[in-house]
Amino acid sequence: QMQLVESGGGVVQPGGSLRLSCAASGSIFSAAAMNWFRQAPGKQRELVAQITVGGSTNYRDSVKGRFTISRDNAKNTVYLQMNSLKPEDTAVYYCHAFLIPSGNYWGQGTQVTVSS
C-alpha cells in the first residue's frame with residue numbers, strides 16, 4: 001500500500017511558475033515509478049511527466065522544456081517544477097505511483113489555474 005498527498009497547486013498568471021510536491025508513505029518509495037497526470041474540465045486525464053526508479057524522465061510534448069519532474073528518495077517525494085505556465089496548463093494535477101506487484105496508486109489531486 002502507498003498513500004500519496006499532493007501540494008503546491010494554486011493560481012498563477014501566464015508565464016509564471018509553480019512547484020508541485022507529492023509526498024508518499026506506506027511503501028518503498030524508491031521502488032516506485034512515479035508520474036504526474038492532469039485532467040482539465042471536460043477532458044480525459046493525460047500523462048504529463050514520468051520518472052523511473054532509475055531516474056529516467058519522459059514528458060508529453062506540450063510541456064517539454066517547461067516542466068521538470070524529479071524525485072528525492074530520502075524524502076519520499078516527487079516534484080513537478082512548472083515554468084512558463086500557459087492557460088492550457090490549467091487542470092487538476094494528480095500524482096501516480098506504480099509498484100510491482102501491488103499496482104497503481106493515486107493522490108487526491110491539486111488544482112492548478114493559470115489565468116490573468
# chains A, B, ... in the order shown; residues from 1 in each chain; ligands from 1
call {"tool": "closest_atom_pairs", "arguments": {"of": "segment 81-103 of chain A", "to": "segment 26-29 of chain A", "cutoff": "10 Å", "atoms": "only C-alpha atoms", "output": "Markdown table"}}
result
| residue | atom | partner | partner_atom | distance |
| --- | --- | --- | --- | --- |
| A:Ala97 | CA | A:Phe29 | CA | 8.7 |
| A:Phe98 | CA | A:Phe29 | CA | 9.8 |
| A:Leu99 | CA | A:Ile28 | CA | 8.7 |
call {"tool": "residues_around", "arguments": {"residues": "Ile100 of chain A", "least_positions_apart": "2", "cutoff": "10 Å", "atoms": "only C-alpha atoms", "output": "list in words"}}
result
Ala31, Ala32, Ala33, Phe98, Ser102, Gly103 and Asn104 of chain A
call {"tool": "atom_distance", "arguments": {"atom1": "atom CA of Asp89 of chain A", "atom2": "atom CA of Ser56 of chain A"}}
result
23.1 Å
call {"tool": "residues_around", "arguments": {"residues": "Asn35 of chain A", "least_positions_apart": "6", "cutoff": "7 Å", "atoms": "only C-alpha atoms", "output": "ChimeraX atom specification"}}
result
/A:49-51,95-97
call {"tool": "write_last_selection", "arguments": {"atoms": "N, CA and C atoms", "output": "mmCIF file, in the first residue's frame"}}
result
data_model
loop_
_atom_site.group_PDB
_atom_site.id
_atom_site.type_symbol
_atom_site.label_atom_id
_atom_site.label_comp_id
_atom_site.auth_asym_id
_atom_site.auth_seq_id
_atom_site.Cartn_x
_atom_site.Cartn_y
_atom_site.Cartn_z
ATOM 1 N N ALA A 49 4.210 13.780 -17.058
ATOM 2 C CA ALA A 49 5.636 13.514 -16.882
ATOM 3 C C ALA A 49 5.812 12.218 -16.111
ATOM 4 N N GLN A 50 6.926 11.542 -16.397
ATOM 5 C CA GLN A 50 7.253 10.277 -15.756
ATOM 6 C C GLN A 50 8.693 10.313 -15.260
ATOM 7 N N ILE A 51 8.924 9.598 -14.155
ATOM 8 C CA ILE A 51 10.299 9.371 -13.706
ATOM 9 C C ILE A 51 10.385 7.933 -13.215
ATOM 10 N N CYS A 95 -0.792 12.979 -8.715
ATOM 11 C CA CYS A 95 0.401 12.161 -8.540
ATOM 12 C C CYS A 95 -0.006 10.689 -8.659
ATOM 13 N N HIS A 96 0.824 9.910 -9.312
ATOM 14 C CA HIS A 96 0.544 8.488 -9.531
ATOM 15 C C HIS A 96 1.806 7.686 -9.291
ATOM 16 N N ALA A 97 1.633 6.542 -8.650
ATOM 17 C CA ALA A 97 2.742 5.626 -8.415
ATOM 18 C C ALA A 97 2.400 4.249 -8.944
#
call {"tool": "residues_around", "arguments": {"residues": "Ile69 of chain A", "least_positions_apart": "4", "cutoff": "12 Å", "atoms": "only C-alpha atoms", "output": "PyMOL selection string"}}
result
chain A and resi 19-22+33-37+48-52+55-60+63-65+77-83+95
call {"tool": "residues_around", "arguments": {"residues": "segment 112-116 of chain A", "least_positions_apart": "2", "cutoff": "9 Å", "atoms": "only C-alpha atoms", "output": "list in words"}}
result
Gly8, Gly9, Gly10, Val11, Val12, Gln13, Pro14, Gly15, Gly16, Leu18, Leu85, Lys86, Pro87, Glu88, Asp89, Thr90, Ala91, Val92, Tyr93 and Thr110 of chain A
call {"tool": "atom_distance", "arguments": {"atom1": "atom CA of Gln1 of chain A", "atom2": "atom CA of Gln39 of chain A"}}
result
24.1 Å
